[in-house]
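S.K.: Take a look at this one; I'll ask things after.
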Amino acid sequence: MAKGYWSVAGNITNPAGMTDFLTAFAPFLEAHKGQILCRELNTDVREGDPGHFTLIIEFENVAQAQAAYESNQYQEMIKLRQGHCDISLSILEEGDHAIH
């Protein structure tokens, strides 16, 4: 079965304000079997303006990635980071799904 991913990019505007979110994030990932593949605070952006922060998290499949995001726990955690960052989060499935 294909893996599922969270692709996150953006800007952290108040690093100190992210403490509560980051404290809750590690146990959240463990509970949802998510694994950080890449976390970069100074992304080398060559095109566009996605921000300076990039995070890629792998889940066992896309359904698990979706369920983790939609969980009550994560929905409450979003409130912990609001006002401290401006991000874009996409859920992807492993593979090339744009083949014509």
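Labels for the structure tokens follow display order: chains A, B, ..., residues from 1 in each chain, ligands from 1.
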Would you list, as a PyMOL selection string, the residues of chain A that end up in strand (DSSP E or B) under DSSP run on this structure's backbone?
M.R.: chain A and resi 4-12+35-40+53-59+82+85-93
S.K.: Check which residues of region 29-81 of chain A sit at most 10 Å from region 2-7 of chain A using only C-alpha atoms, and return one row each with the closest pair of atoms and their distance in Å to one decimal, ordered by chain and rising number, as JSON lines.
M.R.:
{"residue": "A:Gly34", "atom": "CA", "partner": "A:Tyr5", "partner_atom": "CA", "distance": 8.8}
{"residue": "A:Gln35", "atom": "CA", "partner": "A:Tyr5", "partner_atom": "CA", "distance": 9.4}
{"residue": "A:Ile36", "atom": "CA", "partner": "A:Trp6", "partner_atom": "CA", "distance": 9.4}
{"residue": "A:Leu37", "atom": "CA", "partner": "A:Tyr5", "partner_atom": "CA", "distance": 9.5}
{"residue": "A:Cys38", "atom": "CA", "partner": "A:Ser7", "partner_atom": "CA", "distance": 9.6}
{"residue": "A:Thr54", "atom": "CA", "partner": "A:Ser7", "partner_atom": "CA", "distance": 7.6}
{"residue": "A:Leu55", "atom": "CA", "partner": "A:Ser7", "partner_atom": "CA", "distance": 6.1}
{"residue": "A:Ile56", "atom": "CA", "partner": "A:Ser7", "partner_atom": "CA", "distance": 4.8}
{"residue": "A:Ile57", "atom": "CA", "partner": "A:Trp6", "partner_atom": "CA", "distance": 5.1}
{"residue": "A:Glu58", "atom": "CA", "partner": "A:Tyr5", "partner_atom": "CA", "distance": 4.6}
{"residue": "A:Phe59", "atom": "CA", "partner": "A:Gly4", "partner_atom": "CA", "distance": 5.0}
{"residue": "A:Glu60", "atom": "CA", "partner": "A:Lys3", "partner_atom": "CA", "distance": 5.1}
{"residue": "A:Asn61", "atom": "CA", "partner": "A:Lys3", "partner_atom": "CA", "distance": 4.1}
{"residue": "A:Val62", "atom": "CA", "partner": "A:Gly4", "partner_atom": "CA", "distance": 3.7}
{"residue": "A:Ala63", "atom": "CA", "partner": "A:Gly4", "partner_atom": "CA", "distance": 7.3}
{"residue": "A:Gln64", "atom": "CA", "partner": "A:Gly4", "partner_atom": "CA", "distance": 7.2}
{"residue": "A:Ala65", "atom": "CA", "partner": "A:Gly4", "partner_atom": "CA", "distance": 5.6}
{"residue": "A:Gln66", "atom": "CA", "partner": "A:Gly4", "partner_atom": "CA", "distance": 8.3}
{"residue": "A:Ala68", "atom": "CA", "partner": "A:Trp6", "partner_atom": "CA", "distance": 9.9}
{"residue": "A:Tyr69", "atom": "CA", "partner": "A:Trp6", "partner_atom": "CA", "distance": 8.9}
S.K.: Which is closer to Leu92 (chain A) than all the others in A:Val8, A:Val45, A:Leu80, A:Ala26, using only C-alpha atoms?
M.R.: A:Val8
S.K.: Can you tell me, as a list in words, which residues in region 16-72 of chain A count as helix (DSSP H, G or I) by DSSP?
M.R.: Ala16, Gly17, Met18, Thr19, Asp20, Phe21, Leu22, Thr23, Ala24, Phe25, Ala26, Pro27, Phe28, Leu29, Glu30, Ala31, Val62, Ala63, Gln64, Ala65, Gln66, Ala67, Ala68, Tyr69, Glu70 and Asn72 of chain A
S.K.: Which residues are close to region 72-77 of chain A, i.e. within 12 Å by only C-alpha atoms, leaving aside same-chain residues fewer than 6 positions away? Reply as a ChimeraX atom specification.
M.R.: /A:18-29,31-32,65-66
S.K.: Expressed in Å to a single decimal, how great is the separation between CA of Arg81 (chain A) and CA of Gly17 (chain A)?
M.R.: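 Computed distance, CA of Arg81 (chain A) to CA of Gly17 (chain A), equals 7.3 Å.
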S.K.: I need the residue nearest Met1 (chain A) from this list: A:Ile78, A:Ser71, A:Leu41, A:Glu94. Use only C-alpha atoms for the distance.
M.R.: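 Nearest to Met1 (chain A): A:Glu94.
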S.K.: So how many Å separate CA of Ala9 (chain A) and CA of Asp86 (chain A), to one decimal?
M.R.: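 Between these atoms lies a distance of 8.5 Å.
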S.K.: Report, in Å to a single decimal, how far apart CA of Ile12 (chain A) and CA of Glu40 (chain A) are.
M.R.: 11.6 Å
S.K.: Which residues are near Asn11 (chain A)? Cut-off 10 Å, only C-alpha atoms, ignore same chain within fewer than 5 positions. Put them as JSON, numbers by chain.
M.R.: {"A": [41, 42, 50, 51, 52, 53, 54, 84, 85, 86, 87, 88]}
S.K.: I need the chosen residues saved as a compact mmCIF listing (two decimals), in the first residue's frame, with all heavy atoms.
M.R.:
# COMPACT_ATOMS: atom_id res chain seq x y z
N LEU A 41 14.29 24.46 9.02
CA LEU A 41 13.89 25.81 9.43
C LEU A 41 14.43 26.89 8.50
O LEU A 41 14.00 28.03 8.58
CB LEU A 41 14.37 26.09 10.86
CG LEU A 41 13.70 25.25 11.94
CD1 LEU A 41 14.33 25.54 13.30
CD2 LEU A 41 12.21 25.51 11.98
N ASN A 42 15.37 26.54 7.66
CA ASN A 42 15.95 27.50 6.72
C ASN A 42 15.97 26.89 5.32
O ASN A 42 17.02 26.64 4.75
CB ASN A 42 17.36 27.89 7.15
CG ASN A 42 17.34 28.64 8.47
OD1 ASN A 42 16.72 29.69 8.57
ND2 ASN A 42 17.99 28.09 9.48
N PRO A 50 7.30 29.78 -0.64
CA PRO A 50 6.58 28.91 0.29
C PRO A 50 6.90 29.20 1.76
O PRO A 50 6.28 28.61 2.64
CB PRO A 50 7.06 27.52 -0.10
CG PRO A 50 8.45 27.75 -0.59
CD PRO A 50 8.39 29.09 -1.29
N GLY A 51 7.86 30.07 2.04
CA GLY A 51 8.26 30.34 3.41
C GLY A 51 9.58 29.67 3.72
O GLY A 51 10.16 28.98 2.89
N HIS A 52 10.06 29.87 4.94
CA HIS A 52 11.38 29.36 5.31
C HIS A 52 11.32 27.99 5.99
O HIS A 52 12.34 27.36 6.21
CB HIS A 52 12.09 30.35 6.24
CG HIS A 52 11.46 30.46 7.60
ND1 HIS A 52 10.45 31.34 7.87
CD2 HIS A 52 11.69 29.78 8.75
CE1 HIS A 52 10.09 31.21 9.14
NE2 HIS A 52 10.81 30.27 9.69
N PHE A 53 10.13 27.52 6.32
CA PHE A 53 9.96 26.27 7.08
C PHE A 53 9.36 25.19 6.19
O PHE A 53 8.38 25.43 5.49
CB PHE A 53 9.03 26.54 8.27
CG PHE A 53 8.66 25.31 9.05
CD1 PHE A 53 9.58 24.70 9.89
CD2 PHE A 53 7.41 24.75 8.94
CE1 PHE A 53 9.25 23.57 10.60
CE2 PHE A 53 7.06 23.62 9.65
CZ PHE A 53 7.99 23.03 10.48
N THR A 54 9.96 24.00 6.21
CA THR A 54 9.43 22.86 5.46
C THR A 54 9.45 21.62 6.37
O THR A 54 10.41 21.39 7.09
CB THR A 54 10.27 22.57 4.20
OG1 THR A 54 10.29 23.73 3.39
CG2 THR A 54 9.68 21.40 3.41
N HIS A 84 1.03 32.03 15.64
CA HIS A 84 2.48 31.90 15.79
C HIS A 84 3.15 31.46 14.50
O HIS A 84 4.38 31.42 14.43
CB HIS A 84 2.82 30.93 16.91
CG HIS A 84 2.15 31.26 18.19
ND1 HIS A 84 2.42 32.40 18.90
CD2 HIS A 84 1.18 30.61 18.88
CE1 HIS A 84 1.67 32.44 19.98
NE2 HIS A 84 0.91 31.36 20.00
N CYS A 85 2.36 31.08 13.51
CA CYS A 85 2.92 30.64 12.23
C CYS A 85 1.87 30.79 11.13
O CYS A 85 0.68 30.92 11.41
CB CYS A 85 3.40 29.19 12.30
SG CYS A 85 2.08 27.98 12.55
N ASP A 86 2.35 30.79 9.93
CA ASP A 86 1.49 30.84 8.75
C ASP A 86 1.95 29.70 7.85
O ASP A 86 3.04 29.77 7.27
CB ASP A 86 1.65 32.19 8.04
CG ASP A 86 0.82 32.29 6.79
OD1 ASP A 86 -0.21 31.61 6.69
OD2 ASP A 86 1.21 33.07 5.90
N ILE A 87 1.15 28.62 7.79
CA ILE A 87 1.59 27.43 7.05
C ILE A 87 0.56 27.00 6.01
O ILE A 87 -0.61 27.38 6.06
CB ILE A 87 1.89 26.24 7.98
CG1 ILE A 87 0.61 25.75 8.66
CG2 ILE A 87 2.97 26.59 8.98
CD1 ILE A 87 0.72 24.34 9.20
N SER A 88 1.04 26.16 5.13
CA SER A 88 0.22 25.45 4.17
C SER A 88 0.47 23.96 4.42
O SER A 88 1.63 23.55 4.53
CB SER A 88 0.64 25.82 2.75
OG SER A 88 0.02 25.00 1.81
S.K.: Using only C-alpha atoms, find the one residue out of A:Thr43, A:Lys79, A:Lys33, A:Gly48 that sits nearest to Ala67 (chain A).
M.R.: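 Between A:Thr43, A:Lys79, A:Lys33, A:Gly48, the residue approaching Ala67 (chain A) most closely is A:Lys33.
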